[in-house]
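**Q** My structure is stored as final_17.csv, with CSV, C-alpha atoms and all ligand atoms.
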```csv
chain,number,residue,atom,x,y,z
A,1,MET,CA,102.0,73.2,136.9
A,2,ALA,CA,101.9,73.1,133.1
A,3,THR,CA,101.2,69.8,131.5
A,4,ALA,CA,104.0,67.7,129.8
A,5,ASP,CA,102.5,68.5,126.4
A,6,GLN,CA,102.6,72.2,127.1
A,7,ILE,CA,106.2,72.1,128.2
A,8,LYS,CA,107.1,70.2,125.1
A,9,SER,CA,105.3,72.8,122.9
A,10,LEU,CA,107.0,75.6,124.7
A,11,ILE,CA,110.4,74.1,124.0
A,12,SER,CA,109.6,73.3,120.3
A,13,SER,CA,108.2,76.8,119.6
A,14,TYR,CA,111.3,78.3,121.2
A,15,ALA,CA,113.5,76.1,119.1
A,16,THR,CA,111.7,77.1,115.9
A,17,GLU,CA,111.5,80.7,116.9
A,18,ASP,CA,107.8,80.7,116.6
A,19,ARG,CA,107.0,83.5,119.0
A,20,GLU,CA,103.2,83.5,118.4
A,21,ARG,CA,103.0,79.7,119.1
A,22,PHE,CA,105.2,80.3,122.2
A,23,PHE,CA,102.8,83.0,123.5
A,24,ALA,CA,99.7,80.9,122.6
A,25,VAL,CA,101.0,77.9,124.6
A,26,ALA,CA,101.9,80.3,127.5
A,27,LEU,CA,98.3,81.4,127.5
A,28,GLN,CA,97.1,77.8,127.6
A,29,VAL,CA,99.3,77.3,130.6
A,30,ALA,CA,97.6,80.4,132.2
A,31,ALA,CA,94.2,78.9,131.4
A,32,HIS,CA,95.3,75.6,132.9
A,33,GLU,CA,96.5,77.4,136.1
A,34,ALA,CA,93.3,79.4,136.4
A,35,LYS,CA,91.3,76.2,136.3
A,36,GLN,CA,93.4,74.8,139.1
A,37,GLY,CA,92.5,77.9,141.1
A,38,HIS,CA,95.9,79.6,140.8
A,39,SER,CA,94.3,82.8,139.5
A,40,SER,CA,97.1,85.2,140.5
A,41,LEU,CA,99.7,83.0,138.7
A,42,ALA,CA,97.4,82.9,135.6
A,43,HIS,CA,97.0,86.6,135.7
A,44,GLU,CA,100.8,87.1,136.0
A,45,ILE,CA,101.4,84.8,133.0
A,46,ARG,CA,98.8,86.7,130.9
A,47,GLU,CA,100.4,90.1,131.9
A,48,LEU,CA,103.8,88.8,130.9
A,49,VAL,CA,102.6,87.6,127.5
A,50,ASP,CA,100.8,90.9,126.9
A,51,LYS,CA,103.8,92.9,127.8
A,52,GLU,CA,106.1,90.9,125.5
A,53,ARG,CA,103.6,91.2,122.6
A,54,ARG,CA,103.5,95.0,123.1
A,55,ALA,CA,107.3,95.2,123.2
A,56,GLN,CA,107.4,93.2,120.0
A,57,HIS,CA,104.8,95.6,118.5
A,58,LYS,CA,107.1,98.6,119.2
A,59,GLN,CA,110.0,96.9,117.4
A,60,LEU,CA,107.9,96.2,114.3
A,61,LYS,CA,109.6,97.4,111.2
A,62,VAL,CA,107.4,99.9,109.5
A,63,VAL,CA,108.1,99.8,105.8
A,64,PRO,CA,107.8,103.3,104.4
A,65,PHE,CA,105.1,103.6,101.8
A,66,PRO,CA,106.3,104.4,98.3
A,67,GLN,CA,106.2,108.2,97.7
A,68,ASP,CA,103.4,108.0,95.2
A,69,LEU,CA,101.1,106.3,97.7
A,70,LYS,CA,101.6,109.1,100.2
A,71,GLY,CA,98.4,110.9,101.0
A,72,LEU,CA,96.4,107.8,99.9
A,73,VAL,CA,97.4,105.7,102.8
A,74,ILE,CA,97.3,106.9,106.4
A,75,THR,CA,99.2,104.9,109.0
A,76,GLU,CA,98.1,104.8,112.6
A,77,THR,CA,98.9,102.8,115.7
A,78,PRO,CA,95.5,103.0,117.4
A,79,GLU,CA,95.0,102.7,121.1
A,80,VAL,CA,91.3,101.5,121.1
A,81,SER,CA,90.4,98.4,122.9
A,82,MET,CA,87.5,96.0,122.3
A,83,SER,CA,85.6,97.5,125.3
A,84,LYS,CA,85.1,100.8,123.4
A,85,LEU,CA,83.1,99.1,120.7
A,86,VAL,CA,79.4,98.8,121.3
A,87,ILE,CA,78.1,96.1,118.9
A,88,THR,CA,75.7,93.2,118.9
A,89,SER,CA,77.0,90.0,120.5
A,90,SER,CA,77.0,88.2,117.2
A,91,ILE,CA,79.5,90.7,115.7
A,92,GLU,CA,81.5,90.8,118.8
A,93,LEU,CA,81.9,87.0,118.7
A,94,ARG,CA,83.0,87.1,115.1
A,95,ILE,CA,85.6,89.8,115.9
A,96,ARG,CA,86.9,87.8,118.8
A,97,ARG,CA,87.1,84.8,116.5
A,98,VAL,CA,89.4,86.7,114.2
A,99,ILE,CA,91.6,87.7,117.1
A,100,GLU,CA,91.7,84.2,118.5
A,101,GLU,CA,92.5,82.6,115.1
A,102,TYR,CA,95.3,85.2,114.5
A,103,PHE,CA,97.0,84.5,117.8
A,104,GLN,CA,96.6,80.7,117.3
A,105,GLN,CA,97.5,80.6,113.6
A,106,SER,CA,100.4,78.2,113.9
A,107,LYS,CA,98.1,75.7,115.5
A,108,LEU,CA,95.7,76.1,112.6
A,109,LYS,CA,98.4,76.0,110.0
A,110,ALA,CA,99.9,72.8,111.4
A,111,HIS,CA,96.6,71.2,110.4
A,112,GLY,CA,96.4,72.8,107.0
A,113,PHE,CA,94.0,75.6,107.9
A,114,SER,CA,94.6,79.3,107.6
A,115,PRO,CA,93.3,81.9,110.0
A,116,ARG,CA,90.4,84.1,108.9
A,117,ARG,CA,92.0,87.4,107.9
A,118,LYS,CA,90.0,88.9,105.0
A,119,LEU,CA,86.9,90.7,106.3
A,120,LEU,CA,84.2,92.8,104.7
A,121,LEU,CA,82.4,95.3,107.0
A,122,VAL,CA,79.1,96.5,105.6
A,123,GLY,CA,76.8,99.0,107.2
A,124,SER,CA,75.4,102.5,107.4
A,125,PRO,CA,77.7,105.5,108.3
A,126,GLY,CA,78.8,105.9,111.9
A,127,THR,CA,78.1,102.4,113.0
A,128,GLY,CA,81.7,101.4,113.9
A,129,LYS,CA,83.3,100.0,110.8
A,130,THR,CA,86.5,102.2,111.0
A,131,LEU,CA,86.5,101.8,114.7
A,132,THR,CA,86.5,98.0,114.3
A,133,ALA,CA,89.6,98.2,112.1
A,134,LYS,CA,91.3,100.3,114.8
A,135,VAL,CA,90.3,97.9,117.5
A,136,LEU,CA,91.6,94.9,115.5
A,137,ALA,CA,95.0,96.7,114.9
A,138,HIS,CA,95.2,97.5,118.6
A,139,GLU,CA,94.2,94.0,119.8
A,140,LEU,CA,96.5,92.3,117.4
A,141,HIS,CA,99.4,94.7,118.2
A,142,LEU,CA,99.7,95.6,114.5
A,143,PRO,CA,100.0,99.0,112.7
A,144,LEU,CA,96.9,100.1,110.8
A,145,HIS,CA,97.2,101.3,107.2
A,146,ILE,CA,94.0,103.1,106.0
A,147,ILE,CA,93.8,103.0,102.2
A,148,GLN,CA,91.4,105.7,100.9
A,149,VAL,CA,90.0,103.7,98.0
A,150,ASP,CA,87.9,106.5,96.6
A,151,ARG,CA,90.9,108.8,96.3
A,152,LEU,CA,93.1,106.0,95.0
A,153,VAL,CA,90.6,105.5,92.2
A,154,THR,CA,90.0,109.1,91.3
A,155,LYS,CA,93.6,110.2,91.5
A,156,PHE,CA,95.1,107.3,89.5
A,157,MET,CA,92.4,106.4,87.1
A,158,GLY,CA,94.3,104.4,84.6
A,159,GLU,CA,96.9,103.1,87.0
A,160,THR,CA,94.7,102.1,89.9
A,161,SER,CA,95.5,98.4,89.5
A,162,ALA,CA,99.2,99.0,89.6
A,163,LYS,CA,98.7,101.0,92.9
A,164,LEU,CA,96.7,98.2,94.3
A,165,ARG,CA,99.4,95.7,93.4
A,166,GLN,CA,101.9,97.9,95.3
A,167,ILE,CA,99.7,97.8,98.3
A,168,PHE,CA,99.3,94.0,98.1
A,169,ASP,CA,103.1,93.6,97.7
A,170,LEU,CA,103.5,95.7,100.9
A,171,MET,CA,101.2,93.3,102.7
A,172,ARG,CA,103.8,90.5,102.4
A,173,GLN,CA,106.6,92.8,103.5
A,174,GLU,CA,104.9,94.4,106.5
A,175,LYS,CA,102.4,92.5,108.7
A,176,ALA,CA,99.6,95.0,109.5
A,177,VAL,CA,95.9,95.6,109.2
A,178,TYR,CA,95.2,97.0,105.7
A,179,PHE,CA,91.9,98.8,105.8
A,180,PHE,CA,90.3,99.6,102.4
A,181,ASP,CA,87.8,102.4,103.3
A,182,GLU,CA,85.0,103.4,101.0
A,183,PHE,CA,85.6,100.1,99.3
A,184,ASP,CA,82.5,100.5,97.0
A,185,ALA,CA,84.6,102.9,94.9
A,186,ILE,CA,86.0,99.7,93.3
A,187,GLY,CA,83.5,97.2,94.4
A,188,GLY,CA,80.6,98.3,92.1
A,189,GLU,CA,78.6,95.6,90.3
A,190,ARG,CA,80.6,94.5,87.3
A,191,THR,CA,77.6,94.5,85.0
A,192,LEU,CA,76.3,98.0,85.8
A,193,GLU,CA,75.7,99.9,82.7
A,194,ASN,CA,77.7,103.0,83.8
A,195,ASP,CA,80.6,100.7,84.5
A,196,VAL,CA,83.6,101.8,82.5
A,197,GLY,CA,86.1,99.2,81.3
A,198,GLU,CA,88.7,100.6,83.6
A,199,MET,CA,86.7,100.0,86.7
A,200,ARG,CA,86.0,96.4,85.7
A,201,ARG,CA,89.7,95.9,85.3
A,202,VAL,CA,90.4,97.4,88.7
A,203,LEU,CA,87.8,95.2,90.3
A,204,ASN,CA,89.1,92.1,88.6
A,205,ALA,CA,92.6,93.0,89.6
A,206,PHE,CA,91.5,93.4,93.2
A,207,LEU,CA,89.7,90.1,93.2
A,208,GLN,CA,92.8,88.4,91.9
A,209,PHE,CA,95.1,90.1,94.4
A,210,ILE,CA,92.8,89.2,97.4
A,211,GLU,CA,92.5,85.6,96.2
A,212,GLN,CA,96.2,85.2,95.7
A,213,ASP,CA,97.2,86.9,98.9
A,214,GLN,CA,99.1,84.6,101.2
A,215,SER,CA,100.5,87.2,103.6
A,216,ASP,CA,100.0,87.2,107.3
A,217,SER,CA,98.3,90.6,107.2
A,218,LEU,CA,94.7,91.4,107.9
A,219,ILE,CA,92.7,92.8,105.0
A,220,VAL,CA,89.6,94.7,106.1
A,221,ALA,CA,87.3,96.4,103.6
A,222,ALA,CA,84.4,98.6,104.5
A,223,THR,CA,81.4,100.0,102.6
A,224,ASN,CA,78.1,101.6,103.5
A,225,ASN,CA,76.6,100.6,100.1
A,226,PRO,CA,76.2,96.9,100.0
A,227,ARG,CA,73.9,97.0,97.0
A,228,LEU,CA,76.9,98.2,94.9
A,229,LEU,CA,79.1,95.3,95.8
A,230,ASP,CA,79.7,92.6,93.4
A,231,HIS,CA,78.7,89.1,94.4
A,232,ALA,CA,82.1,87.8,93.4
A,233,LEU,CA,83.6,90.0,96.1
A,234,PHE,CA,81.6,88.5,99.0
A,235,ARG,CA,83.0,85.1,98.2
A,236,ARG,CA,86.6,86.3,98.5
A,237,PHE,CA,86.2,87.3,102.1
A,238,ASP,CA,86.5,85.0,105.1
A,239,ASP,CA,83.7,86.8,106.9
A,240,VAL,CA,81.2,89.5,106.1
A,241,LEU,CA,80.0,91.6,109.1
A,242,HIS,CA,76.8,93.6,108.9
A,243,TYR,CA,76.7,96.7,111.1
A,244,GLU,CA,73.3,98.2,112.0
A,245,GLN,CA,72.0,101.2,113.7
A,246,PRO,CA,72.2,100.7,117.5
A,247,GLY,CA,69.2,99.0,119.3
A,248,LYS,CA,67.9,100.1,122.7
A,249,GLU,CA,70.5,98.1,124.6
A,250,GLU,CA,73.4,99.4,122.6
A,251,ARG,CA,72.3,103.0,122.7
A,252,GLN,CA,72.2,102.8,126.5
A,253,GLN,CA,75.6,101.1,126.7
A,254,LEU,CA,77.1,103.7,124.4
A,255,MET,CA,75.7,106.6,126.4
A,256,LYS,CA,76.9,105.0,129.7
A,257,ASN,CA,80.4,104.6,128.2
A,258,ILE,CA,80.7,108.2,127.1
A,259,LEU,CA,78.9,109.8,130.0
A,260,ALA,CA,80.8,107.7,132.5
A,261,GLY,CA,81.4,109.9,135.5
A,262,PHE,CA,78.9,112.4,134.3
A,263,SER,CA,75.7,110.4,134.8
A,264,ASN,CA,73.9,109.4,137.9
A,265,SER,CA,71.5,106.8,139.2
A,266,ARG,CA,68.5,109.1,138.7
A,267,PHE,CA,69.0,109.4,135.0
A,268,SER,CA,65.8,109.0,133.0
A,269,TRP,CA,67.0,106.4,130.5
A,270,THR,CA,63.4,106.0,129.1
A,271,LYS,CA,63.4,109.6,127.8
A,272,LEU,CA,66.9,109.3,126.5
A,273,MET,CA,66.1,106.0,124.7
A,274,SER,CA,63.3,107.6,122.7
A,275,ALA,CA,65.3,110.8,122.0
A,276,SER,CA,68.2,108.7,120.6
A,277,GLU,CA,66.1,106.3,118.4
A,278,GLY,CA,67.1,106.4,114.8
A,279,LEU,CA,70.5,107.9,115.4
A,280,SER,CA,73.8,106.2,114.6
A,281,HIS,CA,76.5,105.3,117.1
A,282,ALA,CA,78.6,108.2,115.9
A,283,GLU,CA,75.7,110.7,116.3
A,284,ILE,CA,74.9,109.5,119.8
A,285,ASP,CA,78.6,109.6,120.6
A,286,GLN,CA,78.8,113.2,119.4
A,287,ALA,CA,75.6,114.3,121.3
A,288,CYS,CA,76.9,112.8,124.5
A,289,ARG,CA,80.2,114.6,124.1
A,290,ASP,CA,78.5,117.9,123.5
A,291,ALA,CA,76.4,117.4,126.6
A,292,VAL,CA,79.4,116.5,128.7
A,293,LYS,CA,81.3,119.6,127.4
A,294,LEU,CA,78.3,121.8,128.4
A,295,ALA,CA,78.3,120.3,131.9
A,296,ILE,CA,82.1,120.9,132.3
A,297,LEU,CA,81.8,124.5,131.1
A,298,SER,CA,79.0,125.2,133.5
A,299,ASP,CA,80.8,123.5,136.4
A,300,GLN,CA,78.2,120.8,136.8
A,301,LYS,CA,79.2,117.4,138.0
A,302,THR,CA,76.5,115.5,136.0
A,303,VAL,CA,75.0,116.0,132.6
A,304,ALA,CA,71.5,117.5,132.7
A,305,VAL,CA,69.1,115.1,130.9
A,306,PRO,CA,67.2,117.9,129.1
A,307,ALA,CA,70.5,119.2,127.8
A,308,LEU,CA,71.4,115.7,126.5
A,309,ILE,CA,68.0,115.3,124.9
A,310,ASP,CA,68.5,118.7,123.3
A,311,ALA,CA,71.9,117.6,121.9
A,312,LEU,CA,70.3,114.4,120.6
A,313,GLN,CA,67.6,116.4,118.9
A,314,GLN,CA,70.1,118.6,117.3
A,315,ARG,CA,71.7,115.5,115.7
A,316,HIS,CA,68.3,114.4,114.4
A,317,HIS,CA,67.8,117.9,112.9
A,318,ALA,CA,71.4,118.0,111.5
A,319,TYR,CA,70.5,114.8,109.7
A,320,HIS,CA,67.2,116.1,108.3
A,321,GLY,CA,68.7,119.5,107.4
A,322,ARG,CA,66.9,121.6,110.0
A,323,THR,CA,68.6,123.9,112.5
B,1,LIG,N1,79.8,100.6,117.4
B,1,LIG,C1,80.3,101.7,118.0
B,1,LIG,N2,80.7,101.6,119.3
B,1,LIG,C2,81.2,102.7,119.9
B,1,LIG,N3,81.4,103.9,119.3
B,1,LIG,C3,81.1,104.0,118.0
B,1,LIG,C4,80.5,102.9,117.3
B,1,LIG,N4,80.3,103.3,116.0
B,1,LIG,C5,80.7,104.6,115.9
B,1,LIG,N5,81.2,105.0,117.1
B,1,LIG,C6,81.7,106.3,117.4
B,1,LIG,O1,81.6,107.1,116.2
B,1,LIG,C7,82.9,107.4,115.6
B,1,LIG,C8,82.8,107.2,114.1
B,1,LIG,O2,82.5,105.9,113.8
B,1,LIG,P1,83.2,105.1,112.6
B,1,LIG,O3,84.2,106.0,112.0
B,1,LIG,O4,83.7,103.8,113.1
B,1,LIG,O5,82.0,104.8,111.7
B,1,LIG,P2,81.9,104.1,110.3
B,1,LIG,O6,81.0,103.0,110.4
B,1,LIG,O7,83.3,103.8,109.8
B,1,LIG,O8,81.3,105.2,109.3
B,1,LIG,P3,81.5,105.6,107.8
B,1,LIG,O9,80.7,104.6,107.0
B,1,LIG,O10,80.9,107.0,107.7
B,1,LIG,O11,82.9,105.5,107.5
B,1,LIG,C9,83.9,106.4,116.3
B,1,LIG,O12,85.1,106.9,116.3
B,1,LIG,C10,83.2,106.3,117.7
B,1,LIG,O13,83.6,107.4,118.5
B,2,MG,MG,84.5,104.6,108.3
```
Just give me the structure of the file as structure tokens.
Ligand SMILES: Nc1ncnc2c1ncn2[C@@H]1O[C@H](COP(=O)(O)OP(=O)(O)OP(=O)(O)O)[C@@H](O)[C@H]1O
Ligand SMILES: [Mg+2]
**A**
Amino acid sequence: MATADQIKSLISSYATEDRERFFAVALQVAAHEAKQGHSSLAHEIRELVDKERRAQHKQLKVVPFPQDLKGLVITETPEVSMSKLVITSSIELRIRRVIEEYFQQSKLKAHGFSPRRKLLLVGSPGTGKTLTAKVLAHELHLPLHIIQVDRLVTKFMGETSAKLRQIFDLMRQEKAVYFFDEFDAIGGERTLENDVGEMRRVLNAFLQFIEQDQSDSLIVAATNNPRLLDHALFRRFDDVLHYEQPGKEERQQLMKNILAGFSNSRFSWTKLMSASEGLSHAEIDQACRDAVKLAILSDQKTVAVPALIDALQQRHHAYHGRT
């Protein structure tokens, strides 16, 4: 049975039409029931909350982007859950903290705090930055707007700040995950010699927009060039996540996820570990997919280790320009 405080919170969040608070309290009731050993009731409550949140997500009003932003912003509703992401436990914890704070934001706001919702993802190509933005959108039941910053800058040199303002205005109107990809296109060090006045203005405008932003949307920016990023930018984000090439454990996990039904217990992981060393998540992902396709086409139930090693080597060669 829910506690008296929980029942009171449920009633008050219903009365104030605070749906997220209502769901958060319902999840507390589920946790309470689980502790009492009522696991199937806890499970049922969680399922109900999840179903309702999804239904709400479907009803979300998607504000059409202004015509002149078309082609610069891609909108998706990704179906990628957290389990797809292979990352270090420290990054995973921080992503989970964003999700937790988002769902419990009214509790935080009641005490004068705001949830963390401005993130900077830094790391080499193919390590999961875009994937993280997709996972966040999916887990938070929000649409994902991918803003291609490099194109925004080159196409509208001279009016980039105005375009950015349009995007920040939309953030208030439509709650979503706004993902600024290739962010270094505007994040370059403000004092660099080759820095033109326009770029400095764009960066200053962005800094101002992000600082003033009071929306409920998530702002996620990604770059694979941290050296170019201005220090003033780092301060504006609630958290900065550094993505790295996958270690041994992550490489194995990644391969297991993709090979799934196509691996067996006799797999020589040692050989695969050394063949995959130095490759990014994306490259390993691609090599595994190539090997699985080969197995399917030759009617084999499992992937042959030498074929997978070959596919991994091809990725190494692709990177170093050999064939
Ligand atoms: N950490 C990861 N866990 C699982 N799969 C991953 C991970 N990183 C990359 N992948 C796979 O590689 C694909 C490409 O990765 P993603 O687009 O997220 O890389 P990125 O860091 O955004 O790279 P870039 O800097 O080039 O934009 C993903 O769709 C996924 O299939
Ligand atoms: Mg990316």
**Q** Name all residues at most 9 Å from Pro246 (chain A) (count all atoms listed in the file; drop same-chain ones fewer than 4 positions away) and give them as a compact mmCIF listing (two decimals) with C-alpha atoms, keeping the file's coordinate frame.
**A**
```txt
# COMPACT_ATOMS: atom_id res chain seq x y z
CA VAL A 86 79.40 98.80 121.30
CA ILE A 87 78.10 96.10 118.90
CA THR A 88 75.70 93.20 118.90
CA THR A 127 78.10 102.40 113.00
CA GLU A 250 73.40 99.40 122.60
CA ARG A 251 72.30 103.00 122.70
CA LEU A 254 77.10 103.70 124.40
CA GLU A 277 66.10 106.30 118.40
CA GLY A 278 67.10 106.40 114.80
CA LEU A 279 70.50 107.90 115.40
CA SER A 280 73.80 106.20 114.60
CA HIS A 281 76.50 105.30 117.10
```
**Q** Please check which protein, DNA or RNA residues sit within 6 Å of ligand LIG 1 (chain B), counting all atoms listed in the file, and write them as a list in words.
**A**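 I would give the residues around ligand LIG 1 (chain B) as Lys84, Leu85, Val86, Ile87, Ser124, Pro125, Gly126, Thr127, Gly128, Lys129, Thr130, Leu131, Asn224, His281, Ala282 and Asp285 of chain A.
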**Q** Compile the contact shell of region 304-321 of chain A as a list in words: residues with an atom at most 7 Å away, counting only C-alpha atoms, same-chain residues fewer than 3 positions apart removed.
**A**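 In the requested format, the answer is Leu272, Ala275, Ser276, Leu279, Glu283, Ile284, Ala287, Cys288, Asp290 and Ala291 of chain A.
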**Q** Would you mind exporting the chosen residues as a PDB file, in the coordinates of the input, restricted to C-alpha atoms?
**A**
```
ATOM      1  CA  LEU A 272      66.900 109.300 126.500  1.00  0.00           C
ATOM      2  CA  ALA A 275      65.300 110.800 122.000  1.00  0.00           C
ATOM      3  CA  SER A 276      68.200 108.700 120.600  1.00  0.00           C
ATOM      4  CA  LEU A 279      70.500 107.900 115.400  1.00  0.00           C
ATOM      5  CA  GLU A 283      75.700 110.700 116.300  1.00  0.00           C
ATOM      6  CA  ILE A 284      74.900 109.500 119.800  1.00  0.00           C
ATOM      7  CA  ALA A 287      75.600 114.300 121.300  1.00  0.00           C
ATOM      8  CA  CYS A 288      76.900 112.800 124.500  1.00  0.00           C
ATOM      9  CA  ASP A 290      78.500 117.900 123.500  1.00  0.00           C
ATOM     10  CA  ALA A 291      76.400 117.400 126.600  1.00  0.00           C
TER      11      ALA A 291
END
```
**Q** For Thr223 (chain A), which residue among A:Leu119, A:Met273, A:Ile99, A:Ile210 is the nearest when counting all atoms listed in the file?
**A** A:Leu119
**Q** So, with all atoms listed in the file as the atoms that count, which of A:Leu41, A:Val220, A:Leu142, A:Leu10 lies closest to Ala55 (chain A)?
**A**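 Checking each candidate against Ala55 (chain A), we get A:Leu142 as the closest.
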**Q** Find, counting all atoms listed in the file, the residue in A:Lys134, A:Arg21, A:Lys8, A:Arg116 that gets nearest to ligand MG 2 (chain B).
**A**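 Using all atoms listed in the file, ligand MG 2 (chain B) sits closest to A:Lys134.
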**Q** List the neighbours of Lys118 (chain A) out to 12 Å using only C-alpha atoms; skip same-chain residues closer than 5 positions along the sequence, and give me the result as an MDAnalysis selection string.
**A** chainID A and resid 95 98 102 133 177:180 207 209:222 233:241
**Q** Using CA of Lys293 (chain A) and CA of Met255 (chain A) as the two end points, give the distance in Å to one decimal.
**A** 14.2 Å
**Q** Any idea what the distance is between CA of His242 (chain A) and CA of Ser89 (chain A)?
**A**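 Interatomic distance here is 12.1 Å.
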**Q** For a test of reading the model, state the distance in Å between CA of Leu121 (chain A) and CA of Gln166 (chain A), rounded to one decimal.
**A**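 Separation of CA of Leu121 (chain A) and CA of Gln166 (chain A): 22.9 Å.
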**Q** Which residue is closest to Lys163 (chain A)? Choose from A:Gln148, A:Gln105, A:Ser12, A:Ser83 and count all atoms listed in the file.
**A** A:Gln148
**Q** May I ask which of the residues A:Glu244, A:Glu159, A:Glu174, A:Glu182 is the closest one to ligand MG 2 (chain B), counting all atoms listed in the file?
**A** A:Glu182
**Q** Give the answer as one residue: which of A:His138, A:Val122, A:Pro226, A:Leu72 has the shortest atom-to-atom distance to Asp150 (chain A), using all atoms listed in the file?
**A**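 Checking each of A:His138, A:Val122, A:Pro226, A:Leu72 against Asp150 (chain A), counting all atoms listed in the file, the winner is A:Leu72.
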**Q** Draw an axis-aligned box tight on the listed atoms of region 91-100 of chain A, then pad every side by 3 Å and write out centre and edge lengths in Å to one decimal as JSON.
**A**
```
{"center_x": 85.6, "center_y": 87.5, "center_z": 116.5, "size_x": 18.2, "size_y": 12.6, "size_z": 10.6}
```
